[in-house]
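Student: Next comes the structure file my_file.cif, holding mmCIF, C-alpha atoms and all ligand atoms.
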```
data_query
#
loop_
_atom_site.group_PDB
_atom_site.id
_atom_site.type_symbol
_atom_site.label_atom_id
_atom_site.label_comp_id
_atom_site.auth_asym_id
_atom_site.auth_seq_id
_atom_site.Cartn_x
_atom_site.Cartn_y
_atom_site.Cartn_z
ATOM 1 C CA MET A 1 -19.388 -1.222 -26.053
ATOM 2 C CA ARG A 2 -18.880 -4.227 -23.823
ATOM 3 C CA THR A 3 -18.831 -4.653 -20.083
ATOM 4 C CA GLU A 4 -17.096 -7.364 -18.174
ATOM 5 C CA ARG A 5 -16.699 -8.372 -14.595
ATOM 6 C CA ARG A 6 -13.571 -10.257 -13.714
ATOM 7 C CA THR A 7 -11.727 -11.429 -10.663
ATOM 8 C CA VAL A 8 -7.973 -11.530 -11.047
ATOM 9 C CA PRO A 9 -5.187 -12.454 -8.642
ATOM 10 C CA ALA A 10 -3.065 -9.544 -7.468
ATOM 11 C CA PRO A 11 0.329 -9.454 -9.165
ATOM 12 C CA GLU A 12 3.439 -9.418 -6.996
ATOM 13 C CA ASP A 13 4.574 -6.212 -5.291
ATOM 14 C CA LEU A 14 1.259 -4.418 -5.669
ATOM 15 C CA GLY A 15 1.624 -1.889 -2.905
ATOM 16 C CA THR A 16 4.022 0.212 -0.886
ATOM 17 C CA ALA A 17 6.404 -0.616 1.949
ATOM 18 C CA VAL A 18 3.629 -0.279 4.545
ATOM 19 C CA ILE A 19 0.518 -1.571 2.772
ATOM 20 C CA GLY A 20 -0.369 -3.594 -0.293
ATOM 21 C CA PHE A 21 -2.284 -6.463 -1.858
ATOM 22 C CA PRO A 22 -0.703 -9.797 -1.016
ATOM 23 C CA GLU A 23 0.198 -11.610 -4.218
ATOM 24 C CA GLY A 24 -2.690 -13.767 -5.372
ATOM 25 C CA THR A 25 -5.451 -12.051 -3.374
ATOM 26 C CA GLU A 26 -8.551 -11.275 -5.363
ATOM 27 C CA LEU A 27 -9.032 -8.045 -7.216
ATOM 28 C CA GLU A 28 -12.479 -7.482 -8.629
ATOM 29 C CA LEU A 29 -12.668 -5.604 -11.878
ATOM 30 C CA ASP A 30 -15.686 -4.015 -13.458
ATOM 31 C CA ILE A 31 -14.542 -3.190 -16.933
ATOM 32 C CA ARG A 32 -16.129 -1.190 -19.711
ATOM 33 C CA LEU A 33 -14.586 -1.535 -23.166
ATOM 34 C CA GLU A 34 -15.425 1.030 -25.811
ATOM 35 C CA ALA A 35 -14.173 1.025 -29.364
ATOM 36 C CA VAL A 36 -12.872 4.450 -30.290
ATOM 37 C CA MET A 37 -10.940 5.770 -33.295
ATOM 38 C CA GLU A 38 -7.496 5.158 -31.856
ATOM 39 C CA GLY A 39 -8.178 1.837 -30.182
ATOM 40 C CA VAL A 40 -10.131 0.685 -27.174
ATOM 41 C CA LEU A 41 -11.017 2.835 -24.221
ATOM 42 C CA VAL A 42 -10.903 0.708 -21.099
ATOM 43 C CA SER A 43 -12.538 2.128 -17.995
ATOM 44 C CA GLY A 44 -14.069 0.797 -14.831
ATOM 45 C CA THR A 45 -13.343 0.185 -11.191
ATOM 46 C CA VAL A 46 -11.002 -2.072 -9.305
ATOM 47 C CA ARG A 47 -11.810 -3.328 -5.821
ATOM 48 C CA GLY A 48 -9.683 -5.207 -3.370
ATOM 49 C CA ARG A 49 -8.580 -5.529 0.215
ATOM 50 C CA ALA A 50 -5.135 -4.288 1.047
ATOM 51 C CA VAL A 51 -3.234 -5.545 4.053
ATOM 52 C CA GLY A 52 -0.840 -3.295 5.868
ATOM 53 C CA GLU A 53 0.735 -2.400 9.123
ATOM 54 C CA CYS A 54 -0.374 0.426 11.424
ATOM 55 C CA VAL A 55 2.446 2.970 11.308
ATOM 56 C CA ARG A 56 2.021 3.660 15.030
ATOM 57 C CA CYS A 57 1.556 0.254 16.648
ATOM 58 C CA LEU A 58 2.443 -2.199 13.836
ATOM 59 C CA ASP A 59 -0.911 -3.988 14.143
ATOM 60 C CA GLU A 60 -2.467 -5.398 11.007
ATOM 61 C CA VAL A 61 -4.573 -2.948 9.015
ATOM 62 C CA LEU A 62 -7.126 -4.062 6.433
ATOM 63 C CA GLU A 63 -8.144 -1.432 3.938
ATOM 64 C CA ASP A 64 -10.897 -1.902 1.366
ATOM 65 C CA VAL A 65 -9.966 -0.007 -1.732
ATOM 66 C CA GLU A 66 -12.186 0.858 -4.670
ATOM 67 C CA VAL A 67 -10.756 3.056 -7.391
ATOM 68 C CA PRO A 68 -11.931 4.079 -10.836
ATOM 69 C CA PHE A 69 -9.610 4.003 -13.821
ATOM 70 C CA THR A 70 -9.672 4.954 -17.486
ATOM 71 C CA GLU A 71 -7.039 4.109 -20.036
ATOM 72 C CA LEU A 72 -6.798 4.157 -23.779
ATOM 73 C CA TYR A 73 -5.316 1.080 -25.386
ATOM 74 C CA ALA A 74 -4.162 2.112 -28.824
ATOM 75 C CA TYR A 75 -4.010 0.000 -31.954
ATOM 76 C CA PRO A 76 -0.358 -0.855 -32.646
ATOM 77 C CA ASP A 77 -0.072 1.557 -35.588
ATOM 78 C CA ARG A 78 -1.615 4.367 -33.520
ATOM 79 C CA ALA A 79 0.702 3.575 -30.631
ATOM 80 C CA GLU A 80 3.604 3.842 -33.063
ATOM 81 C CA VAL A 81 2.449 7.297 -34.144
ATOM 82 C CA ALA A 82 2.104 8.407 -30.518
ATOM 83 C CA ARG A 83 5.660 7.259 -29.788
ATOM 84 C CA GLU A 84 6.982 9.055 -32.832
ATOM 85 C CA ASP A 85 5.210 12.154 -31.572
ATOM 86 C CA GLY A 86 7.305 11.905 -28.433
ATOM 87 C CA ALA A 87 4.856 10.317 -25.998
ATOM 88 C CA ASP A 88 6.436 8.563 -23.037
ATOM 89 C CA GLU A 89 6.702 4.823 -23.497
ATOM 90 C CA GLU A 90 4.954 4.329 -20.141
ATOM 91 C CA ASP A 91 1.991 6.428 -21.215
ATOM 92 C CA VAL A 92 1.346 4.496 -24.401
ATOM 93 C CA HIS A 93 -0.675 1.343 -23.882
ATOM 94 C CA GLU A 94 -0.900 -0.848 -26.891
ATOM 95 C CA LEU A 95 -3.480 -3.466 -27.748
ATOM 96 C CA ASP A 96 -1.974 -6.882 -28.241
ATOM 97 C CA GLY A 97 -4.447 -8.539 -30.580
ATOM 98 C CA ASP A 98 -7.663 -8.475 -28.597
ATOM 99 C CA LEU A 99 -5.887 -8.325 -25.289
ATOM 100 C CA ALA A 100 -5.195 -5.340 -23.160
ATOM 101 C CA ASP A 101 -2.576 -5.790 -20.485
ATOM 102 C CA LEU A 102 -4.258 -4.208 -17.504
ATOM 103 C CA GLU A 103 -1.515 -4.794 -14.975
ATOM 104 C CA PRO A 104 0.451 -1.548 -15.435
ATOM 105 C CA VAL A 105 -2.785 0.438 -15.353
ATOM 106 C CA LEU A 106 -3.948 -1.321 -12.189
ATOM 107 C CA ARG A 107 -0.623 -0.586 -10.581
ATOM 108 C CA ASP A 108 -0.809 3.114 -11.470
ATOM 109 C CA THR A 109 -4.391 3.245 -10.224
ATOM 110 C CA VAL A 110 -4.333 1.248 -7.069
ATOM 111 C CA VAL A 111 -0.958 2.007 -5.497
ATOM 112 C CA PRO A 112 -1.476 5.806 -5.223
ATOM 113 C CA ALA A 113 -4.931 5.139 -3.687
ATOM 114 C CA LEU A 114 -3.402 3.308 -0.729
ATOM 115 C CA PRO A 115 -3.021 5.266 2.507
ATOM 116 C CA PHE A 116 0.417 6.769 2.967
ATOM 117 C CA GLY A 117 0.431 6.069 6.698
ATOM 118 C CA PRO A 118 -2.096 3.334 7.473
ATOM 119 C CA LEU A 119 -3.611 3.353 10.974
ATOM 120 C CA CYS A 120 -5.450 0.531 12.772
ATOM 121 C CA GLN A 121 -7.826 3.182 14.138
ATOM 122 C CA PRO A 122 -7.769 6.951 13.578
ATOM 123 C CA ASP A 123 -6.656 7.691 17.149
ATOM 124 C CA CYS A 124 -4.281 4.766 17.579
ATOM 125 C CA PRO A 125 -2.131 5.748 20.586
ATOM 126 C CA GLY A 126 0.806 3.733 19.278
ATOM 127 C CA LEU A 127 3.494 2.083 21.334
ATOM 128 C CA CYS A 128 5.118 3.124 24.577
ATOM 129 C CA SER A 129 8.368 4.853 23.739
ATOM 130 C CA GLU A 130 10.016 3.258 26.780
ATOM 131 C CA CYS A 131 9.120 -0.396 26.428
ATOM 132 C CA GLY A 132 7.132 -0.832 23.207
ATOM 133 C CA ALA A 133 3.872 -1.917 24.919
ATOM 134 C CA ARG A 134 0.637 -1.347 22.985
ATOM 135 C CA LEU A 135 -0.972 1.664 24.608
ATOM 136 C CA ALA A 136 -4.409 0.810 23.189
ATOM 137 C CA GLU A 137 -4.468 -2.323 25.353
ATOM 138 C CA ASP A 138 -3.121 -0.554 28.412
ATOM 139 C CA PRO A 139 -4.123 3.131 28.419
ATOM 140 C CA ASP A 140 -2.855 3.791 31.960
ATOM 141 C CA HIS A 141 0.530 2.416 31.123
ATOM 142 C CA ALA A 142 3.298 4.512 32.648
ATOM 143 C CA HIS A 143 6.862 4.237 33.778
ATOM 144 C CA GLU A 144 8.482 5.559 36.858
ATOM 145 C CA ILE A 145 10.406 8.503 35.556
ATOM 146 C CA ILE A 146 13.900 8.600 36.878
ATOM 147 C CA ASP A 147 15.764 11.861 36.968
ATOM 148 C CA PRO A 148 18.755 11.309 34.667
ATOM 149 C CA ARG A 149 21.140 12.324 37.469
ATOM 150 C CA TRP A 150 19.729 9.632 39.755
ATOM 151 C CA GLY A 151 19.944 7.277 36.813
ATOM 152 C CA ALA A 152 23.673 7.938 36.610
ATOM 153 C CA LEU A 153 24.059 7.251 40.317
ATOM 154 C CA ARG A 154 22.164 4.029 39.945
ATOM 155 C CA THR A 155 24.453 2.846 37.155
ATOM 156 C CA LEU A 156 27.385 3.654 39.395
ATOM 157 C CA ALA A 157 25.822 1.639 42.213
ATOM 158 C CA GLU A 158 25.205 -1.293 39.896
ATOM 159 C CA LYS A 159 28.819 -1.182 38.753
ATOM 160 C CA GLN A 160 29.990 -1.289 42.355
ATOM 161 C CA ASP A 161 27.795 -4.304 42.977
ATOM 162 C CA GLU A 162 29.371 -6.028 40.017
ATOM 163 C CA THR A 163 32.878 -5.348 41.315
ATOM 164 C CA LYS A 164 31.886 -6.667 44.724
ATOM 165 C CA GLU A 165 30.545 -9.831 43.215
ATOM 166 C CA SER A 166 33.634 -10.499 41.152
HETATM 167 ZN ZN ZN A 201 -2.314 1.122 15.592
HETATM 168 ZN ZN ZN A 202 6.123 1.163 28.550
#
```
The structure in this file should be written as C-alpha cells.
Ligand SMILES: [Zn+2]
Ligand SMILES: [Zn+2]
Tutor:
Amino acid sequence: MRTERRTVPAPEDLGTAVIGFPEGTELELDIRLEAVMEGVLVSGTVRGRAVGECVRCLDEVLEDVEVPFTELYAYPDRAEVAREDGADEEDVHELDGDLADLEPVLRDTVVPALPFGPLCQPDCPGLCSECGARLAEDPDHAHEIIDPRWGALRTLAEKQDETKES
C-alpha cells in the first residue's frame, strides 16, 4: 500500500452551469493505492474551492469541497474480462502501465458534490423583482405600487404628451 499527496490543476469544465472549479485551480488529492487481485484500488479525498454564482442575487459564491472517492483500476486483461462480462465502458477503469487516469473519477466524485443551487448566504434575499437591486444591501427597498388601472391611465397621459410635443 502506498499513499500520496498531490496537487493537480482542475481540468476544464469541472462543474455545473452555476458552480465549478475554474480550469487550472488547485485540487488537493490525498491518495491511497492498494494492490488487489484485479488491479489497484485507488481511494482518498479530493479538496478544492469551487466558484459559483448565488442563484438568487448572482453574487460570487465560494464553496470549499472535500469529497472521498474509491475506484478500482483494473489490469488491462481484467478490464477486458469485465467488458466481456457486459460492464459499462464508463465503469471500467483500466491501468495504463503504472498510471491511473484519475480525471474521470474526480469528475464523477466532485461534480455531484457541488450544491445544486448555490447561495451567497443561506437567507440571501435575492434581487428586487422590479428593478434588480440587491436586497441584502438595501433591506428597506420598496417601490411605489401603482394600481394597474392607474398605470394604464398614466401611459395614456404620456402618449398624449408625446403627441403634443410632436
Ligand atoms: Zn445571494
Ligand atoms: Zn427595486
Student: To test your reading of the syntax: which residues would the PyMOL selection byres (((chain A and resi 35) around 12) and not hetatm) return for the file shown? Reply as a ChimeraX atom specification.
Tutor: /A:1-3,32-34,36-43,72-75,95,98
Student: List all protein, DNA and RNA residues that have at least one atom no more than 6 Å from any atom of ligand ZN 201 (chain A), counting only C-alpha atoms and all ligand atoms, and write them as an MDAnalysis selection string.
Tutor: chainID A and resid 54 56:57 59 119:120 124 126
Student: What is the atom CA of Ala113 of chain A-atom CA of Glu66 of chain A distance in Å, reported with one decimal?
Tutor: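 Between these atoms lies a distance of 8.5 Å.
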Student: Return as a PyMOL selection string the residues of protein, DNA or RNA that approach ligand ZN 202 (chain A) to within 10 Å, with all atoms listed in the file taken into account.
Tutor: chain A and resi 127-135+138+140-144
Student: Between atom CA of Gly15 of chain A and atom CA of Val111 of chain A, measure the distance and give it in Å to one decimal.
Tutor: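 So the two atoms, atom CA of Gly15 of chain A and atom CA of Val111 of chain A, lie 5.3 Å apart.
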Student: Would you mind reading off the distance between atom CA of Thr45 of chain A and atom CA of Gly117 of chain A, one decimal, in Å?
Tutor: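 These two atoms are separated by 23.3 Å.
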Student: Using all atoms listed in the file, which of the listed residues (A:Asp123, A:Glu103, A:Glu137, A:Asp64) sits closest to Arg47 of chain A?
Tutor: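 Closest to Arg47 of chain A of all the choices is A:Asp64.
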Student: To verify the selection step, state as a count of residues only which residues the PyMOL selection byres (((chain A and resi 114) around 12) and not hetatm) yields on this input.
Tutor: 33
Student: Which one is closest to Glu60 of chain A: A:Glu90, A:Gln121, A:Asp161, A:Ala136? Count all atoms listed in the file.
Tutor: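 That would be A:Gln121, the residue with the smallest distance to Glu60 of chain A.
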